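What follows is the content of protein.tsv, which has TSV, C-alpha atoms and all ligand atoms:
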```
chain	number	residue	atom	x	y	z
A	1	MET	CA	0.00	0.00	0.00
A	2	THR	CA	1.31	3.43	-0.82
A	3	ASN	CA	1.09	5.73	2.11
A	4	LEU	CA	2.45	9.08	1.09
A	5	ARG	CA	0.24	12.09	1.25
A	6	ALA	CA	-1.99	12.23	-1.76
A	7	PRO	CA	-0.98	15.25	-3.84
A	8	ARG	CA	-2.72	18.38	-2.58
A	9	GLY	CA	-4.93	18.62	-5.65
A	10	THR	CA	-6.10	15.01	-5.68
A	11	ARG	CA	-6.56	14.47	-1.97
A	12	HIS	CA	-9.92	16.20	-2.00
A	13	LEU	CA	-11.32	14.41	-5.05
A	14	PRO	CA	-14.41	12.25	-4.55
A	15	PRO	CA	-13.34	8.74	-3.48
A	16	PRO	CA	-14.47	5.55	-5.25
A	17	LEU	CA	-17.66	3.92	-3.96
A	18	PRO	CA	-16.97	1.56	-1.04
A	19	GLU	CA	-17.29	-2.22	-1.32
A	20	PRO	CA	-20.80	-3.35	-0.25
A	21	ARG	CA	-21.10	-5.41	2.92
A	22	GLY	CA	-24.53	-6.99	2.38
A	23	THR	CA	-27.76	-6.63	0.48
A	24	VAL	CA	-28.69	-3.17	1.77
A	25	SER	CA	-25.36	-1.49	0.99
A	26	ALA	CA	-25.14	-3.42	-2.29
A	27	ALA	CA	-28.52	-2.00	-3.35
A	28	VAL	CA	-27.40	1.54	-2.48
A	29	VAL	CA	-24.14	1.15	-4.40
A	30	ALA	CA	-26.03	-0.27	-7.39
A	31	ALA	CA	-28.47	2.63	-7.29
A	32	LEU	CA	-25.60	5.12	-7.30
A	33	ARG	CA	-23.47	3.38	-9.85
A	34	GLY	CA	-26.11	2.90	-12.52
A	35	PRO	CA	-26.75	2.38	-15.34
A	36	GLY	CA	-30.48	2.37	-15.07
A	37	ARG	CA	-30.19	3.08	-11.34
A	38	PRO	CA	-32.35	0.21	-10.06
A	39	GLY	CA	-34.92	0.96	-7.36
A	40	LEU	CA	-34.17	0.30	-3.73
A	41	PRO	CA	-35.83	-2.68	-2.01
A	42	PRO	CA	-37.07	-2.11	1.57
A	43	VAL	CA	-34.53	-2.73	4.32
A	44	PRO	CA	-35.06	-6.27	5.71
A	45	ALA	CA	-36.48	-6.23	9.24
A	46	ASP	CA	-33.69	-8.48	10.53
A	47	CYS	CA	-30.85	-6.30	9.26
A	48	ALA	CA	-28.71	-5.43	12.34
A	49	VAL	CA	-29.06	-1.71	12.96
A	50	TYR	CA	-25.49	-1.18	14.22
A	51	GLY	CA	-24.12	-3.77	11.79
A	52	ASP	CA	-21.79	-3.34	8.82
A	53	ASP	CA	-24.39	-3.49	6.07
A	54	LEU	CA	-26.82	-0.88	7.43
A	55	GLN	CA	-24.16	1.48	8.78
A	56	LEU	CA	-22.25	1.41	5.50
A	57	ALA	CA	-25.43	2.02	3.48
A	58	LEU	CA	-26.20	5.05	5.64
A	59	TYR	CA	-22.59	6.25	5.48
A	60	ILE	CA	-22.64	6.14	1.68
A	61	LEU	CA	-25.95	8.02	1.49
A	62	TYR	CA	-24.62	10.72	3.83
A	63	GLU	CA	-21.39	11.12	1.88
A	64	LEU	CA	-23.42	12.45	-1.05
A	65	HIS	CA	-23.74	15.63	1.06
A	66	TYR	CA	-19.98	15.91	1.71
A	67	ARG	CA	-17.68	14.89	-1.15
A	68	GLY	CA	-19.82	12.48	-3.15
A	69	PHE	CA	-18.20	9.59	-5.03
A	70	GLU	CA	-16.21	9.18	-8.18
A	71	GLY	CA	-18.55	8.60	-11.13
A	72	VAL	CA	-21.74	9.31	-9.17
A	73	PRO	CA	-23.75	12.26	-10.53
A	74	GLU	CA	-23.74	15.11	-8.02
A	75	ARG	CA	-27.45	15.79	-8.41
A	76	LEU	CA	-28.22	12.41	-6.77
A	77	GLU	CA	-27.61	14.21	-3.47
A	78	TRP	CA	-31.26	15.31	-3.68
A	79	ASP	CA	-32.74	12.26	-5.43
A	80	GLY	CA	-36.17	11.61	-3.95
A	81	GLY	CA	-35.87	7.83	-3.98
A	82	LEU	CA	-32.48	7.87	-2.25
A	83	LEU	CA	-33.70	10.35	0.37
A	84	THR	CA	-36.77	8.21	1.11
A	85	HIS	CA	-34.54	5.18	1.48
A	86	ARG	CA	-32.15	7.09	3.73
A	87	ALA	CA	-35.06	8.25	5.89
A	88	ALA	CA	-36.12	4.62	6.43
A	89	ILE	CA	-32.59	3.69	7.55
A	90	GLU	CA	-32.33	6.80	9.73
A	91	ASP	CA	-35.60	5.90	11.46
A	92	ARG	CA	-34.19	2.47	12.32
A	93	PHE	CA	-30.97	4.03	13.62
A	94	LEU	CA	-32.75	6.70	15.65
A	95	ASP	CA	-35.27	4.21	17.11
A	96	ALA	CA	-32.43	1.94	18.22
A	97	LEU	CA	-30.57	4.84	19.82
A	98	ARG	CA	-33.67	6.07	21.64
A	99	THR	CA	-34.12	2.54	23.01
A	100	ASP	CA	-30.47	2.10	23.98
A	101	VAL	CA	-30.16	5.60	25.45
A	102	PRO	CA	-33.49	5.93	27.29
A	103	PRO	CA	-34.45	9.38	28.59
A	104	ASP	CA	-35.55	8.20	32.05
A	105	GLY	CA	-33.59	9.75	34.89
A	106	ALA	CA	-31.13	11.36	32.50
A	107	GLY	CA	-31.23	14.75	34.25
A	108	THR	CA	-30.53	18.08	32.60
A	109	ALA	CA	-28.02	18.93	29.89
A	110	GLY	CA	-25.86	20.73	32.47
A	111	GLU	CA	-25.81	17.64	34.67
A	112	ALA	CA	-25.01	15.38	31.74
A	113	LEU	CA	-22.05	17.60	30.77
A	114	ASP	CA	-20.83	17.70	34.39
A	115	ALA	CA	-20.95	13.91	34.46
A	116	LEU	CA	-18.64	13.73	31.46
A	117	GLN	CA	-15.91	15.35	33.52
A	118	ILE	CA	-16.01	12.68	36.20
A	119	GLU	CA	-13.92	9.65	35.55
A	120	PRO	CA	-14.95	6.20	36.77
A	121	VAL	CA	-12.59	4.83	39.40
A	122	GLY	CA	-10.01	2.29	38.34
A	123	ASP	CA	-9.50	1.01	34.81
A	124	ASP	CA	-12.33	2.59	32.85
A	125	GLY	CA	-11.42	0.89	29.61
A	126	GLY	CA	-10.85	4.20	27.85
A	127	LEU	CA	-9.17	4.12	24.48
A	128	SER	CA	-6.87	7.07	25.11
A	129	TYR	CA	-5.66	5.51	28.38
A	130	PHE	CA	-4.86	2.23	26.65
A	131	LEU	CA	-3.02	3.99	23.83
A	132	ARG	CA	-1.07	6.19	26.24
A	133	ASN	CA	-0.08	3.31	28.50
A	134	GLU	CA	0.62	0.50	26.09
A	135	GLY	CA	-0.46	1.39	22.56
A	136	THR	CA	1.95	0.33	19.84
A	137	PHE	CA	2.89	2.36	16.80
A	138	GLU	CA	0.71	0.07	14.65
A	139	GLN	CA	-2.28	0.50	16.99
A	140	LEU	CA	-1.91	4.26	16.82
A	141	ARG	CA	-1.87	4.01	13.04
A	142	GLU	CA	-5.05	1.95	13.15
A	143	TYR	CA	-6.66	4.45	15.47
A	144	ALA	CA	-5.76	7.35	13.19
A	145	ALA	CA	-6.93	5.49	10.08
A	146	LEU	CA	-10.33	4.87	11.69
A	147	ARG	CA	-10.65	8.40	13.03
A	148	SER	CA	-9.79	9.79	9.60
A	149	LEU	CA	-13.39	9.08	8.58
A	150	TYR	CA	-14.30	12.04	10.77
A	151	HIS	CA	-11.14	14.09	11.10
A	152	LEU	CA	-10.64	14.55	7.35
A	153	LYS	CA	-14.00	16.34	7.42
A	154	GLU	CA	-13.58	17.63	10.95
A	155	ALA	CA	-16.29	20.10	12.01
A	156	ASP	CA	-18.11	19.82	8.66
A	157	PRO	CA	-21.16	17.94	10.05
A	158	HIS	CA	-21.56	20.59	12.73
A	159	ALA	CA	-21.58	23.49	10.29
A	160	TRP	CA	-25.08	22.42	9.19
A	161	VAL	CA	-26.51	23.50	12.54
A	162	ILE	CA	-25.51	27.13	12.06
A	163	PRO	CA	-28.68	28.32	10.24
A	164	ARG	CA	-30.75	26.56	12.91
A	165	LEU	CA	-29.21	28.58	15.75
A	166	HIS	CA	-29.76	32.21	16.67
A	167	GLY	CA	-28.24	34.94	18.80
A	168	ARG	CA	-25.69	33.87	21.40
A	169	ALA	CA	-25.73	30.21	20.38
A	170	LYS	CA	-25.10	31.07	16.74
A	171	ALA	CA	-22.31	33.58	17.42
A	172	ALA	CA	-20.52	31.12	19.71
A	173	MET	CA	-20.97	28.14	17.38
A	174	VAL	CA	-19.54	30.10	14.47
A	175	ALA	CA	-16.59	31.25	16.58
A	176	VAL	CA	-15.72	27.66	17.49
A	177	GLU	CA	-16.18	26.49	13.91
A	178	PHE	CA	-13.93	29.33	12.73
A	179	ASP	CA	-11.22	27.90	14.97
A	180	GLU	CA	-11.87	24.35	13.67
A	181	PHE	CA	-11.52	25.69	10.13
A	182	GLY	CA	-8.13	27.25	10.80
A	183	ALA	CA	-9.19	30.78	11.84
A	184	GLY	CA	-8.67	32.01	8.30
A	185	ARG	CA	-5.52	30.00	7.52
A	186	ALA	CA	-5.92	27.01	5.21
A	187	ASP	CA	-2.93	25.10	6.59
A	188	GLU	CA	-4.36	25.37	10.12
A	189	ILE	CA	-7.71	23.78	9.26
A	190	HIS	CA	-8.01	20.93	11.74
A	191	ALA	CA	-8.75	18.48	8.93
A	192	GLU	CA	-5.44	19.57	7.33
A	193	LEU	CA	-3.60	19.13	10.62
A	194	PHE	CA	-5.02	15.62	10.70
A	195	ALA	CA	-3.77	14.93	7.18
A	196	ASP	CA	-0.33	16.04	8.41
A	197	LEU	CA	-0.66	13.58	11.29
A	198	MET	CA	-1.60	10.79	8.88
A	199	GLU	CA	1.37	11.57	6.69
A	200	ASP	CA	3.63	11.36	9.75
A	201	LEU	CA	2.17	7.93	10.50
A	202	ARG	CA	2.65	6.84	6.87
A	203	LEU	CA	-1.09	6.61	6.23
A	204	ASP	CA	-2.87	7.43	2.98
A	205	THR	CA	-4.39	10.90	3.25
A	206	ALA	CA	-6.85	10.54	0.36
A	207	TYR	CA	-10.38	11.30	1.51
A	208	GLY	CA	-12.35	8.10	2.19
A	209	HIS	CA	-9.34	5.83	1.81
A	210	TYR	CA	-10.02	3.84	4.99
A	211	VAL	CA	-13.79	3.47	4.75
A	212	ASP	CA	-13.58	-0.07	3.40
A	213	ALA	CA	-11.29	-1.06	6.27
A	214	ALA	CA	-13.44	0.50	8.99
A	215	PRO	CA	-15.69	-1.74	11.09
A	216	ALA	CA	-19.34	-0.74	11.67
A	217	GLU	CA	-18.46	0.56	15.14
A	218	ALA	CA	-16.25	3.21	13.51
A	219	LEU	CA	-18.90	4.17	10.93
A	220	ALA	CA	-21.72	4.65	13.45
A	221	PRO	CA	-20.29	7.67	15.35
A	222	VAL	CA	-19.72	9.49	12.05
A	223	ASN	CA	-23.23	8.61	10.89
A	224	LEU	CA	-24.54	10.02	14.16
A	225	MET	CA	-23.00	13.44	13.42
A	226	SER	CA	-24.42	13.48	9.91
A	227	LEU	CA	-27.85	12.45	11.21
A	228	PHE	CA	-27.87	15.20	13.82
A	229	GLY	CA	-26.35	17.78	11.49
A	230	LEU	CA	-28.69	17.26	8.56
A	231	HIS	CA	-31.96	17.44	10.50
A	232	ARG	CA	-33.15	20.73	11.93
A	233	ALA	CA	-35.43	18.70	14.20
A	234	LEU	CA	-32.29	17.24	15.80
A	235	ARG	CA	-30.48	20.55	16.37
A	236	GLY	CA	-30.60	20.05	20.13
A	237	ALA	CA	-29.00	16.61	19.76
A	238	LEU	CA	-26.31	18.05	17.44
A	239	VAL	CA	-25.44	20.68	20.00
A	240	GLY	CA	-25.35	18.05	22.75
A	241	HIS	CA	-23.14	15.83	20.63
A	242	PHE	CA	-20.74	18.70	19.87
A	243	ALA	CA	-20.57	19.68	23.54
A	244	ALA	CA	-19.84	16.09	24.57
A	245	VAL	CA	-16.97	15.84	22.11
A	246	GLU	CA	-15.49	19.19	23.13
A	247	VAL	CA	-15.75	18.44	26.86
A	248	THR	CA	-14.02	15.06	26.58
A	249	SER	CA	-11.46	16.01	23.96
A	250	SER	CA	-8.85	18.06	25.78
A	251	PRO	CA	-7.68	15.47	28.34
A	252	ALA	CA	-8.00	12.61	25.83
A	253	SER	CA	-5.91	14.60	23.35
A	254	ARG	CA	-3.14	14.99	25.90
A	255	ARG	CA	-3.03	11.23	26.40
A	256	LEU	CA	-2.94	10.67	22.64
A	257	ALA	CA	-0.12	13.19	22.26
A	258	GLU	CA	1.79	11.32	24.98
A	259	ALA	CA	1.11	8.02	23.22
A	260	LEU	CA	2.45	9.36	19.91
A	261	ARG	CA	5.55	10.80	21.55
A	262	ARG	CA	6.20	7.51	23.32
A	263	VAL	CA	6.15	5.51	20.09
A	264	GLY	CA	8.37	8.03	18.36
A	265	ALA	CA	5.83	9.58	15.98
A	266	GLY	CA	6.85	12.80	14.24
A	267	PRO	CA	6.06	16.37	15.30
A	268	ALA	CA	3.06	16.82	12.98
A	269	ALA	CA	1.35	13.79	14.53
A	270	VAL	CA	1.93	15.13	18.04
A	271	ARG	CA	0.91	18.64	16.97
A	272	PHE	CA	-2.64	17.63	16.02
A	273	TYR	CA	-3.31	16.48	19.56
A	274	THR	CA	-1.39	19.19	21.44
A	275	GLU	CA	-3.33	21.80	19.45
A	276	HIS	CA	-6.52	20.11	20.62
A	277	VAL	CA	-5.45	20.10	24.27
A	278	GLU	CA	-5.40	23.89	24.19
A	279	ALA	CA	-8.14	24.55	21.63
A	280	ASP	CA	-10.72	22.26	23.16
A	281	ALA	CA	-10.11	23.59	26.67
A	282	VAL	CA	-11.46	26.84	25.18
A	283	HIS	CA	-14.09	25.24	22.94
A	284	GLU	CA	-15.53	23.35	25.90
A	285	GLN	CA	-16.09	26.59	27.79
A	286	VAL	CA	-17.60	28.43	24.85
A	287	VAL	CA	-19.85	25.54	23.86
A	288	ARG	CA	-21.13	25.02	27.39
A	289	HIS	CA	-21.71	28.66	28.28
A	290	ASP	CA	-22.92	30.04	25.00
A	291	VAL	CA	-23.87	27.31	22.49
A	292	VAL	CA	-25.72	25.00	24.90
A	293	GLY	CA	-26.60	27.87	27.24
A	294	GLY	CA	-27.78	30.11	24.41
A	295	LEU	CA	-29.82	27.40	22.70
A	296	LEU	CA	-31.58	26.37	25.92
A	297	GLU	CA	-32.24	29.96	26.86
A	298	SER	CA	-34.18	30.49	23.65
A	299	GLU	CA	-35.58	26.95	23.35
A	300	PRO	CA	-35.71	25.40	26.84
A	301	ARG	CA	-37.80	22.48	25.63
A	302	LEU	CA	-34.73	21.16	23.76
A	303	ASP	CA	-32.97	20.21	26.99
A	304	ALA	CA	-33.91	16.53	26.63
A	305	ASP	CA	-32.62	16.52	23.04
A	306	VAL	CA	-29.29	17.97	24.15
A	307	VAL	CA	-29.06	15.19	26.75
A	308	PHE	CA	-29.92	12.62	24.07
A	309	GLY	CA	-27.13	13.94	21.83
A	310	ILE	CA	-24.63	13.76	24.67
A	311	ARG	CA	-25.60	10.24	25.68
A	312	ALA	CA	-25.96	8.80	22.17
A	313	THR	CA	-22.43	10.03	21.45
A	314	GLY	CA	-21.13	8.29	24.56
A	315	TYR	CA	-23.00	5.12	23.71
A	316	LEU	CA	-21.54	4.80	20.21
A	317	GLU	CA	-18.05	5.85	21.35
A	318	ASP	CA	-18.17	3.14	24.02
A	319	ARG	CA	-19.13	0.57	21.39
A	320	LEU	CA	-16.13	1.60	19.30
A	321	ALA	CA	-13.82	1.46	22.32
A	322	THR	CA	-15.06	-2.02	23.21
A	323	ARG	CA	-14.42	-3.23	19.67
A	324	LEU	CA	-10.91	-1.79	19.44
A	325	LEU	CA	-9.77	-2.71	22.92
A	326	GLY	CA	-11.17	-6.23	22.53
A	327	ALA	CA	-8.99	-6.77	19.48
A	328	TRP	CA	-5.91	-5.01	20.79
A	329	ARG	CA	-5.93	-6.78	24.15
A	330	ASP	CA	-5.98	-10.06	22.21
A	331	GLY	CA	-3.04	-8.82	20.17
A	332	CYS	CA	-5.10	-8.68	16.96
A	333	PRO	CA	-5.09	-5.82	14.48
A	334	VAL	CA	-8.46	-4.16	13.83
A	335	LEU	CA	-7.92	-3.34	10.21
A	336	PRO	CA	-5.45	-4.32	7.53
A	337	LEU	CA	-2.87	-1.56	7.08
A	338	GLY	CA	0.12	-1.62	4.83
A	339	ARG	CA	3.49	-0.53	6.11
B	1	MET	CA	-12.11	41.33	19.02
B	2	PRO	CA	-12.34	45.09	19.38
B	3	ASN	CA	-11.37	46.73	22.64
B	4	THR	CA	-12.93	50.18	22.54
B	5	PRO	CA	-14.82	52.35	25.03
B	6	GLU	CA	-18.06	51.39	23.26
B	7	ARG	CA	-17.16	47.73	23.16
B	8	PRO	CA	-14.71	46.86	25.95
B	9	ARG	CA	-12.95	43.49	26.00
B	10	ARG	CA	-14.98	40.90	27.87
B	11	VAL	CA	-13.49	38.67	30.56
B	12	ARG	CA	-15.52	35.85	32.11
B	13	VAL	CA	-14.62	34.84	35.66
B	14	GLN	CA	-15.56	31.43	37.08
B	15	ARG	CA	-15.17	29.92	40.51
B	16	ASN	CA	-13.80	26.64	39.22
B	17	GLY	CA	-12.22	26.99	35.82
B	18	PRO	CA	-10.16	29.29	33.65
B	19	LEU	CA	-10.49	33.00	33.07
B	20	LEU	CA	-12.04	33.44	29.64
B	21	VAL	CA	-10.65	36.44	27.78
B	22	GLU	CA	-11.43	37.60	24.26
B	23	GLY	CA	-8.28	37.05	22.22
B	24	PRO	CA	-5.68	37.77	21.06
B	25	VAL	CA	-4.00	37.76	24.46
B	26	GLU	CA	-0.45	38.24	25.72
B	27	VAL	CA	0.33	36.85	29.15
B	28	VAL	CA	3.41	38.06	31.02
B	29	GLY	CA	4.68	35.56	33.60
B	30	GLU	CA	6.48	36.32	36.88
B	31	ASP	CA	9.78	35.71	35.12
B	32	GLY	CA	8.84	38.21	32.44
B	33	GLU	CA	8.23	35.56	29.80
B	34	VAL	CA	5.56	36.58	27.32
B	35	THR	CA	3.18	34.00	25.84
B	36	VAL	CA	0.77	34.89	23.06
B	37	SER	CA	-2.48	33.29	21.93
B	38	ASN	CA	-4.42	34.53	18.93
B	39	ARG	CA	-7.48	32.38	19.57
B	40	PHE	CA	-10.89	34.15	19.47
B	41	THR	CA	-11.28	33.36	23.15
B	42	VAL	CA	-8.41	32.38	25.40
B	43	ALA	CA	-8.71	30.28	28.58
B	44	VAL	CA	-6.13	31.50	31.12
B	45	CYS	CA	-5.43	28.93	33.83
B	46	THR	CA	-6.27	30.08	37.35
B	47	CYS	CA	-5.70	26.81	39.20
B	48	ARG	CA	-1.95	26.59	38.40
B	49	ARG	CA	-2.33	22.88	37.67
B	50	SER	CA	-2.19	23.16	33.89
B	51	ARG	CA	0.74	21.51	32.14
B	52	THR	CA	0.48	24.10	29.39
B	53	LEU	CA	0.62	27.27	31.51
B	54	PRO	CA	-0.46	29.98	31.17
B	55	TRP	CA	-3.33	28.32	29.25
B	56	CYS	CA	-5.98	26.04	30.75
B	57	ASP	CA	-5.69	22.36	29.76
B	58	THR	CA	-8.73	21.21	31.83
B	59	SER	CA	-6.52	20.02	34.71
B	60	HIS	CA	-8.73	22.09	37.02
B	61	ARG	CA	-11.20	19.20	36.88
B	62	CYS	CA	-11.01	16.75	39.77
B	63	ARG	CA	-10.80	13.88	37.34
B	64	ASP	CA	-11.36	13.66	33.66
B	65	ARG	CA	-13.04	11.26	31.39
B	66	HIS	CA	-11.88	8.95	28.64
B	67	ARG	CA	-13.35	8.48	25.20
B	68	ALA	CA	-13.99	10.57	22.16
B	69	GLY	CA	-11.30	12.27	20.14
B	70	PRO	CA	-10.66	15.88	19.36
B	71	ALA	CA	-13.32	18.12	17.98
C	401	LIG	S1	-7.94	26.53	35.09
C	401	LIG	FE1	-8.06	24.86	33.73
C	401	LIG	S2	-6.15	23.90	34.03
C	401	LIG	FE2	-6.06	25.53	35.45
C	402	FE	FE	-10.71	20.41	16.12
C	403	FE	FE	-12.77	21.68	19.13
```
What does this structure look like when you write it as structure tokens?
Ligand code: FES
Ligand SMILES: [Fe+2]
Ligand SMILES: [Fe+2]
Amino acid sequence: MTNLRAPRGTRHLPPPLPEPRGTVSAAVVAALRGPGRPGLPPVPADCAVYGDDLQLALYILYELHYRGFEGVPERLEWDGGLLTHRAAIEDRFLDALRTDVPPDGAGTAGEALDALQIEPVGDDGGLSYFLRNEGTFEQLREYAALRSLYHLKEADPHAWVIPRLHGRAKAAMVAVEFDEFGAGRADEIHAELFADLMEDLRLDTAYGHYVDAAPAEALAPVNLMSLFGLHRALRGALVGHFAAVEVTSSPASRRLAEALRRVGAGPAAVRFYTEHVEADAVHEQVVRHDVVGGLLESEPRLDADVVFGIRATGYLEDRLATRLLGAWRDGCPVLPLGR
Amino acid sequence: MPNTPERPRRVRVQRNGPLLVEGPVEVVGEDGEVTVSNRFTVAVCTCRRSRTLPWCDTSHRCRDRHRAGPA
């Protein structure tokens, strides 16, 4: 596998369509690939909602709104049949999440964010702790390859919430996004800093390169952001999700920077995480006080949605951590990576 | 951010957490060392526990939590 940075011009080109993982994703790929663009059969009732086939199908349908795919007409982004099909999959995903993250006794958004700062006693099974303490260079490469599904479009899913916010929440959200997008400097865009990290770790920086290698548990958290970002009705959940990520990021980023230093990764790899130690210590404050605070001041009834966004994020991140740590503790790689 | 009589620079004070100052900010340490941050808002550590002084790195929390990556 080649692993140099894709040339600047080509790195942002639409990637090829992923390999299907079952009947549902195969039908979506066939519908996008043409010719004739066959219709989409209903999703079978027994298709596992967090499984590879359904999560990949949803991932592909969402990507039409980001970079699209090589050879797929851009206007299919708003194809009625595809959107109807996506809505059916989204309903399954959302129903499952509402069941697995029940609202009972969840408390307020403020309480849920406070709880994120409290660490369980003893070994909490956290990914960043494992990587800091014993992660190998190869495991850090795997981690970065999987996270590239989000970080190469870092902060893009959250930009969709901007027209749905007003006043204090909007001003603060835009300020944080401005920082995520490099504060006016293209080479400081966080997605670019992540490409630099990948290059340091000898990973392929082409957009979408690692989708085929990513297990369902790594697709689901990215699908969650797209789901929350694309629906105005889920703006509270999007804000909750964003707050949860910002609150947990700074300390986790420090551990990841330590892990990368320990295995001898280069300065660009370390830089991505040290930048996030400092940036997200600020973002956390701004998101809590003004994005969450501002939204709930104008729309107090969204409190439960903010809590749902926070907890759904934690639920899917925990599933990913369980999958990765299960493999790594057994000494198995999670995905096939070339040297 | 402007710092004018009509629109003075805003600083947010919190009991448990950093001082939030509209950036850019220059901090002068006791030893005279100057550290600059151009971020739109800057979190200045008040607990002295940060490992990236003078900026907050969330060490003011009693404990912190795992999971999730950067945002
Ligand atoms: S105030 Fe946050 S680390 Fe000191
Ligand atoms: Fe970021
Ligand atoms: Fe951030």
Worksheet entry | Test item: residues lying within 8 Å of ligand LIG 401 (chain C) with only C-alpha atoms and all ligand atoms, as a PyMOL selection string | (chain A and resi 281) or (chain B and resi 16-19+43-51+53+55-61)
Serialized selection, C-alpha atoms, as an mmCIF file, in the coordinates of the input:
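See again01.cif below for the written result:
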```cif
data_model
loop_
_atom_site.group_PDB
_atom_site.id
_atom_site.type_symbol
_atom_site.label_atom_id
_atom_site.label_comp_id
_atom_site.auth_asym_id
_atom_site.auth_seq_id
_atom_site.Cartn_x
_atom_site.Cartn_y
_atom_site.Cartn_z
ATOM 1 C CA ALA A 281 -10.110 23.590 26.670
ATOM 2 C CA ASN B 16 -13.800 26.640 39.220
ATOM 3 C CA GLY B 17 -12.220 26.990 35.820
ATOM 4 C CA PRO B 18 -10.160 29.290 33.650
ATOM 5 C CA LEU B 19 -10.490 33.000 33.070
ATOM 6 C CA ALA B 43 -8.710 30.280 28.580
ATOM 7 C CA VAL B 44 -6.130 31.500 31.120
ATOM 8 C CA CYS B 45 -5.430 28.930 33.830
ATOM 9 C CA THR B 46 -6.270 30.080 37.350
ATOM 10 C CA CYS B 47 -5.700 26.810 39.200
ATOM 11 C CA ARG B 48 -1.950 26.590 38.400
ATOM 12 C CA ARG B 49 -2.330 22.880 37.670
ATOM 13 C CA SER B 50 -2.190 23.160 33.890
ATOM 14 C CA ARG B 51 0.740 21.510 32.140
ATOM 15 C CA LEU B 53 0.620 27.270 31.510
ATOM 16 C CA TRP B 55 -3.330 28.320 29.250
ATOM 17 C CA CYS B 56 -5.980 26.040 30.750
ATOM 18 C CA ASP B 57 -5.690 22.360 29.760
ATOM 19 C CA THR B 58 -8.730 21.210 31.830
ATOM 20 C CA SER B 59 -6.520 20.020 34.710
ATOM 21 C CA HIS B 60 -8.730 22.090 37.020
ATOM 22 C CA ARG B 61 -11.200 19.200 36.880
#
```
Worksheet item: What is the distance, in Å and to one decimal place, between CA of Tyr150 in chain A and CA of Ser226 in chain A?
Response: 10.3 Å
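Within 9 Å of the point (-3.5, 38.2, 26.7), and counting all atoms listed in the file, the protein, DNA and RNA residues are Val21, Glu22, Gly23, Pro24, Val25, Glu26, Val27, Val28, Thr35, Val36, Ser37, Asn38, Val42 and Val44 of chain B.
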Residues of chain A at most 6 Å from chain B: nearest atom pair and distance in Å, all atoms listed in the file, as a Markdown table:
```
| residue | atom | partner | partner_atom | distance |
| --- | --- | --- | --- | --- |
| A:Gln117 | CA | B:Asp64 | CA | 4.9 |
| A:Ile118 | CA | B:Asp64 | CA | 5.4 |
| A:Glu119 | CA | B:Arg65 | CA | 4.5 |
| A:Gly126 | CA | B:His66 | CA | 4.9 |
| A:Val245 | CA | B:Ala71 | CA | 6.0 |
| A:Glu246 | CA | B:Ala71 | CA | 5.7 |
| A:Ser249 | CA | B:Pro70 | CA | 4.7 |
| A:Val277 | CA | B:Asp57 | CA | 5.9 |
| A:Glu278 | CA | B:Asp57 | CA | 5.8 |
| A:Ala281 | CA | B:Asp57 | CA | 5.5 |
| A:Val282 | CA | B:Ala43 | CA | 5.6 |
```
Response to the item:
Here CA of Val211 in chain A and CA of Pro73 in chain A stand apart by 20.2 Å
Worksheet entry | Contacts to ligand FE 402 (chain C) at 10 Å cut-off (all atoms listed in the file) as a VMD selection string | (chain A and resid 151 154 to 155 176 to 177 179 to 182 189 to 191 193 to 194 245 to 246 249 272 to 273 275 to 277 279 to 280 283) or (chain B and resid 69 to 71)
Worksheet entry | Cut-off 12 Å around (-7.8, 9.1, 16.1) with only C-alpha atoms: residues as a ChimeraX atom specification | /A:127-128,131,139-152,154,191,194-195,197-198,201,218,249,252-253,255-257,259-260,269-270,272-273,276,317,320-321,324 /B:67-71
Discussion item. When you count all atoms listed in the file, which of these residues is closest to Val292 in chain A: A:Phe178, A:Tyr66, A:Phe242, A:Phe308?
Written reply: A:Phe242
Fill in: Shortest interatomic distance to ligand FE 403 (chain C) - which of A:Leu32, A:Leu116, A:Leu224, A:Val286, counting all atoms listed in the file
A:Val286
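If all atoms listed in the file are the atoms counted, then among A:Leu316, A:Ile310, A:Val291, A:Leu13 the closest residue to Arg168 in chain A is A:Val291.
Closest to Gly29 in chain B among B:Asn3, B:Pro8, B:Val13, B:Pro54 is B:Pro54, based on all atoms listed in the file.
For the pair CA of Ile89 in chain A and CA of Asp156 in chain A, the separation is 21.7 Å.
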